[in-house]
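Novice: One structure, as structure tokens, below. Some questions next.
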Number of protein chains: 2
Amino acid sequence: MCNTVKVSPRKLDPETRAALVDIAARLLAEHGAEALSTRKIAAEAGTSTMAVYTHFGSMSGLVREMVHEGFARLERQFAKVRRTDDPVADMAVLGYAYRQNAKANSHLYAVMFGGQSLAGFSLTEEDRQYGRYTLLTVVDCATRCIEAGRFRQDDPLLIAHEMWIATHGLVNLELGGYLIDPVDADRCYDTILNSLLVGVGDDQRSVSASMAASKKRRRREVEADPEPAEAVASRR
Amino acid sequence: MCNTVKVSPRKLDPETRAALVDIAARLLAEHGAEALSTRKIAAEAGTSTMAVYTHFGSMSGLVREMVHEGFARLERQFAKVRRTDDPVADMAVLGYAYRQNAKANSHLYAVMFGGQSLAGFSLTEEDRQYGRYTLLTVVDCATRCIEAGRFRQDDPLLIAHEMWIATHGLVNLELGGYLIDPVDADRCYDTILNSLLVGVGDDQRSVSASMAASKKRRRREVEADPEPAEAVASRR
DNA sequence: ACGTTGGCATAACAGTGTTACACAAAGAAT
DNA sequence: ATTCTTTGTGTAACACTGTTATGCCAACGT
């Protein structure tokens, strides 16, 4: 009777926790980084600023949660991409999904990958692992490309990284507003992806065909607008 | 006697202006974004916080100045790269210079290209034009590659953008800490650059030779450590 | 039913960017 | 040389930020 562990006379409310993340994400998306403050979040959630500290420890903790949610979103976008018998087209659609996700969550994206410090938050190695895990979908796709004889026998992790880097670079400059009229983002991406796909062993004709196929699939498998709020809510 | 224009009874001191930028840049580089405050800057400069407002209007104005200085630094790095009769090697060295500059000024770099909002600063179209101007060195190099018959007859601006995007993507993920051991930054960059260079028309043998040549030139033409402080001071 | 425990609100603290205001310094005009 | 005017700069305040010490009270285990 001495070591009886008394736990949780009052549990943390998971609903308010989720609400805080949602509100923070909305504030960030709608009004930018400057609008992200404990007081504004608490006011919208109908609580006090303490809620942020009991649930997340600090503002950085909340940002970290948002970052993880961002990775989860990206993974869900990836999951929507079908695995067809044209894995190279799949790869192109994955790239488009990455772009679309980044554009839909542009403020969060900079924190997830750019290393931007938002409210004093900075990535930990654990966070990065979380991010790298998302890349596994791309690695798997690269593996299927190799197995299908489209790509040269090579390290699928390296191939996935190539795609990641190119897409990431494009998205970053696109979001930064640097890619304008004569040399716009779509044109650049087509050219780069083409070169990379040929570079890893596919032949030009097959690449052209796969990229054309991917363009048809984009609209179906990767919708531009973010998923409706009900879907997010029902997942809880 | 009514419209006599009375000007400047007391001029802005360009020395304190430069000192403020320098101090701000150092604080940013050494202690991160959180350490960038008017009071800290003013304290180090031996002035009051008002100096920031008379010289730059606001904190964002000072950040803008730092961004422009960042572009100028990049351009100086580019200027160090020689224009040889192997323009493809030149291109590879330029890419290395871009990487090196980004790593030496990593905090500023995210603001310059990533669109990170630092102290409420966000890029204006004028700032972006400033950034695009820096790319002209790369466009020129691409033109020389075409004239030398190494690259296919194509839009040099598009080619420059390809290189920019790939290098930028690599640098961003590198700075974010995402590129680790088995698939590190150097390995990725070599592979991607190779694919892109072949993709714009050069043949594999020439690319390999040029990249090998570029590796020898790197250390000479692009020193890793930032330029000594005296050089910066004497330029004023 | 009761007592413990931990979530939450309140209010304070140290810090931030920004600004109104007074002062002083420096060039222009006499 | 002296005065005048203009304007940079220091002081102090304002509204705001993240964070935390301190209570209160609701909810859970007993």
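Chains: A, B, ... in order of the structure tokens. Residues: from 1 per chain. Ligands: from 1, in order shown.
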Compile the residues of chain C that lie within 10 Å of chain B, evaluated using only C-alpha atoms (C1' of nucleotides), and express the compilation as a PyMOL selection string.

Specialist: chain C and resi 16-19+25-28

Novice: Write the residues of the preceding selection, restricted to C-alpha atoms (C1' of nucleotides), as a tab-separated table (two decimals), in the first residue's frame.

Specialist:
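Once written, again_3.tsv looks like this:
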```
chain	number	residue	atom	x	y	z
C	16	DT	C1'	10.68	42.33	-27.92
C	17	DG	C1'	9.63	46.18	-31.94
C	18	DT	C1'	8.19	50.68	-32.29
C	19	DT	C1'	7.39	55.61	-31.40
C	25	DA	C1'	24.84	68.79	-32.80
C	26	DA	C1'	26.06	70.46	-37.25
C	27	DG	C1'	25.61	72.91	-41.64
C	28	DA	C1'	23.57	77.46	-43.69
```

Novice: Would you give me, as a PyMOL selection string, the residues of chain D that come within 9 Å of chain A, using only C-alpha atoms (C1' of nucleotides)?

Specialist: chain D and resi 17-19+26-29

Novice: What are the nearest atom pairs, with distances in Å to one decimal, for all residues of chain B that come at most 9 Å from chain A, using only C-alpha atoms, set out by chain and rising residue number as JSON lines?

Specialist:
```
{"residue": "B:Gly32", "atom": "CA", "partner": "A:Ser117", "partner_atom": "CA", "distance": 8.7}
{"residue": "B:Ala33", "atom": "CA", "partner": "A:Ser117", "partner_atom": "CA", "distance": 7.3}
{"residue": "B:Glu34", "atom": "CA", "partner": "A:Gly120", "partner_atom": "CA", "distance": 6.6}
{"residue": "B:His107", "atom": "CA", "partner": "A:Gln116", "partner_atom": "CA", "distance": 8.6}
{"residue": "B:Ala110", "atom": "CA", "partner": "A:Gln116", "partner_atom": "CA", "distance": 7.0}
{"residue": "B:Val111", "atom": "CA", "partner": "A:Gln116", "partner_atom": "CA", "distance": 8.7}
{"residue": "B:Met112", "atom": "CA", "partner": "A:Gly176", "partner_atom": "CA", "distance": 8.8}
{"residue": "B:Phe113", "atom": "CA", "partner": "A:Gly176", "partner_atom": "CA", "distance": 6.1}
{"residue": "B:Gly114", "atom": "CA", "partner": "A:Gly176", "partner_atom": "CA", "distance": 5.7}
{"residue": "B:Gly115", "atom": "CA", "partner": "A:Gly176", "partner_atom": "CA", "distance": 4.9}
{"residue": "B:Gln116", "atom": "CA", "partner": "A:Gln116", "partner_atom": "CA", "distance": 6.4}
{"residue": "B:Ser117", "atom": "CA", "partner": "A:Ala33", "partner_atom": "CA", "distance": 7.2}
{"residue": "B:Leu118", "atom": "CA", "partner": "A:Ser117", "partner_atom": "CA", "distance": 8.9}
{"residue": "B:Ala119", "atom": "CA", "partner": "A:Glu34", "partner_atom": "CA", "distance": 8.4}
{"residue": "B:Gly120", "atom": "CA", "partner": "A:Glu34", "partner_atom": "CA", "distance": 6.6}
{"residue": "B:Leu123", "atom": "CA", "partner": "A:Gly176", "partner_atom": "CA", "distance": 8.0}
{"residue": "B:Glu125", "atom": "CA", "partner": "A:Gly177", "partner_atom": "CA", "distance": 8.2}
{"residue": "B:Arg128", "atom": "CA", "partner": "A:Tyr178", "partner_atom": "CA", "distance": 6.4}
{"residue": "B:Gln129", "atom": "CA", "partner": "A:Tyr178", "partner_atom": "CA", "distance": 8.4}
{"residue": "B:Gly131", "atom": "CA", "partner": "A:Tyr178", "partner_atom": "CA", "distance": 8.4}
{"residue": "B:Arg132", "atom": "CA", "partner": "A:Tyr178", "partner_atom": "CA", "distance": 7.5}
{"residue": "B:Leu157", "atom": "CA", "partner": "A:Val183", "partner_atom": "CA", "distance": 7.4}
{"residue": "B:Leu158", "atom": "CA", "partner": "A:Val183", "partner_atom": "CA", "distance": 6.1}
{"residue": "B:Ile159", "atom": "CA", "partner": "A:Cys188", "partner_atom": "CA", "distance": 8.7}
{"residue": "B:His161", "atom": "CA", "partner": "A:Cys188", "partner_atom": "CA", "distance": 7.1}
{"residue": "B:Glu162", "atom": "CA", "partner": "A:Ile192", "partner_atom": "CA", "distance": 6.3}
{"residue": "B:Met163", "atom": "CA", "partner": "A:Ile192", "partner_atom": "CA", "distance": 9.0}
{"residue": "B:Trp164", "atom": "CA", "partner": "A:Gly169", "partner_atom": "CA", "distance": 8.2}
{"residue": "B:Ile165", "atom": "CA", "partner": "A:Gly169", "partner_atom": "CA", "distance": 4.8}
{"residue": "B:Ala166", "atom": "CA", "partner": "A:Ala166", "partner_atom": "CA", "distance": 5.0}
{"residue": "B:Thr167", "atom": "CA", "partner": "A:Gly169", "partner_atom": "CA", "distance": 7.4}
{"residue": "B:His168", "atom": "CA", "partner": "A:Gly169", "partner_atom": "CA", "distance": 5.3}
{"residue": "B:Gly169", "atom": "CA", "partner": "A:Gly169", "partner_atom": "CA", "distance": 3.4}
{"residue": "B:Leu170", "atom": "CA", "partner": "A:Ile165", "partner_atom": "CA", "distance": 5.4}
{"residue": "B:Val171", "atom": "CA", "partner": "A:Gly169", "partner_atom": "CA", "distance": 8.6}
{"residue": "B:Asn172", "atom": "CA", "partner": "A:Gly114", "partner_atom": "CA", "distance": 5.9}
{"residue": "B:Leu173", "atom": "CA", "partner": "A:Phe113", "partner_atom": "CA", "distance": 6.6}
{"residue": "B:Leu175", "atom": "CA", "partner": "A:Gly115", "partner_atom": "CA", "distance": 7.2}
{"residue": "B:Gly176", "atom": "CA", "partner": "A:Gly115", "partner_atom": "CA", "distance": 4.9}
{"residue": "B:Gly177", "atom": "CA", "partner": "A:Arg128", "partner_atom": "CA", "distance": 7.6}
{"residue": "B:Tyr178", "atom": "CA", "partner": "A:Arg128", "partner_atom": "CA", "distance": 6.5}
{"residue": "B:Leu179", "atom": "CA", "partner": "A:His161", "partner_atom": "CA", "distance": 8.5}
{"residue": "B:Pro182", "atom": "CA", "partner": "A:Leu158", "partner_atom": "CA", "distance": 8.6}
{"residue": "B:Val183", "atom": "CA", "partner": "A:Leu158", "partner_atom": "CA", "distance": 6.0}
{"residue": "B:Arg187", "atom": "CA", "partner": "A:Leu158", "partner_atom": "CA", "distance": 8.5}
{"residue": "B:Cys188", "atom": "CA", "partner": "A:Glu162", "partner_atom": "CA", "distance": 6.4}
{"residue": "B:Tyr189", "atom": "CA", "partner": "A:Glu162", "partner_atom": "CA", "distance": 8.2}
{"residue": "B:Thr191", "atom": "CA", "partner": "A:Glu162", "partner_atom": "CA", "distance": 7.7}
{"residue": "B:Ile192", "atom": "CA", "partner": "A:Glu162", "partner_atom": "CA", "distance": 6.3}
{"residue": "B:Asn194", "atom": "CA", "partner": "A:Gly199", "partner_atom": "CA", "distance": 7.8}
{"residue": "B:Ser195", "atom": "CA", "partner": "A:Gly199", "partner_atom": "CA", "distance": 4.6}
{"residue": "B:Leu196", "atom": "CA", "partner": "A:Ser195", "partner_atom": "CA", "distance": 5.5}
{"residue": "B:Leu197", "atom": "CA", "partner": "A:Ser195", "partner_atom": "CA", "distance": 8.4}
{"residue": "B:Val198", "atom": "CA", "partner": "A:Ser195", "partner_atom": "CA", "distance": 7.5}
{"residue": "B:Gly199", "atom": "CA", "partner": "A:Ser195", "partner_atom": "CA", "distance": 4.6}
{"residue": "B:Val200", "atom": "CA", "partner": "A:Ser195", "partner_atom": "CA", "distance": 7.7}
```

Novice: If you measure from atom CA of Ala25 of chain B to atom CA of Met66 of chain B, what distance in Å do you get, rounded to one decimal?

Specialist: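 For atom CA of Ala25 of chain B relative to atom CA of Met66 of chain B, the distance reads 6.8 Å.
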
Novice: Hey, what's within 12 Å of DA24 of chain C if we count only C-alpha atoms (C1' of nucleotides) and toss same-chain stuff fewer than 4 positions away? As number ranges by chain, please?

Specialist: B: 10; D: 6-10

Novice: Identify, on the basis of only C-alpha atoms (C1' of nucleotides), every residue whose closest approach to DA21 of chain D does not exceed 12 Å; exclude the query and any residue fewer than 2 positions from it along the same chain; express the result as a list of chain:residue names.

Specialist: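 Near DA21 of chain D, the qualifying residues are C:DT10, C:DA11, C:DA12, C:DC13, D:DT19, D:DG23.
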
Novice: Could you give me the residues within segment 32-214 of chain A that DSSP places in helix (DSSP H, G or I), as number ranges by chain?

Specialist: A: 33-35, 38-45, 50-56, 59-80, 87-104, 106-113, 125-134, 136-147, 156-175, 181-183, 185-199, 204-214

Novice: Record the distance separating atom CA of Gly95 of chain A and atom CA of Leu136 of chain A, expressed in Å with one decimal.

Specialist: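 Separation of atom CA of Gly95 of chain A and atom CA of Leu136 of chain A: 13.4 Å.
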
Novice: Would you compute the distance between atom CA of Glu221 of chain B and atom CA of Arg83 of chain B? Give it in Å to one decimal.

Specialist: 11.0 Å

Novice: Which one is closest to Ser206 of chain B: B:Arg220, B:Lys80, B:Arg150, B:Arg73? Count only C-alpha atoms.

Specialist: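 Smallest distance to Ser206 of chain B is found for B:Arg150.
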
Novice: Counting only C-alpha atoms (C1' of nucleotides), what is within 8 Å of Leu20 of chain A, bar same-chain residues fewer than 3 positions away, as JSON, numbers by chain?

Specialist: {"A": [16, 17, 23, 24, 41, 42, 45, 52]}

Novice: Print the selection's residues with N, CA and C atoms to a file, as a compact mmCIF listing (two decimals), in the first residue's frame.

Specialist:
```
# COMPACT_ATOMS: atom_id res chain seq x y z
N THR A 16 -8.84 19.51 -26.83
CA THR A 16 -8.25 20.85 -26.82
C THR A 16 -6.84 20.81 -27.42
N ARG A 17 -6.14 19.71 -27.17
CA ARG A 17 -4.81 19.57 -27.75
C ARG A 17 -4.88 19.66 -29.28
N ILE A 23 -5.80 25.30 -34.71
CA ILE A 23 -5.87 26.76 -34.70
C ILE A 23 -4.52 27.36 -35.04
N ALA A 24 -3.48 26.81 -34.45
CA ALA A 24 -2.14 27.32 -34.73
C ALA A 24 -1.82 27.19 -36.21
N ILE A 41 -3.62 32.16 -30.02
CA ILE A 41 -4.07 30.77 -30.10
C ILE A 41 -5.03 30.48 -28.95
N ALA A 42 -4.62 30.88 -27.75
CA ALA A 42 -5.45 30.60 -26.58
C ALA A 42 -6.80 31.29 -26.70
N ALA A 45 -8.97 29.43 -29.00
CA ALA A 45 -9.36 28.13 -28.45
C ALA A 45 -10.25 28.30 -27.22
N VAL A 52 -1.17 25.88 -23.74
CA VAL A 52 -0.06 25.57 -24.62
C VAL A 52 1.06 24.88 -23.85
```

Novice: Counting only C-alpha atoms, which residue out of B:Val138, B:Ala43, B:Leu108, B:Val63 sits closest to Ala92 of chain B?

Specialist: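 Closest to Ala92 of chain B of all the choices is B:Val138.
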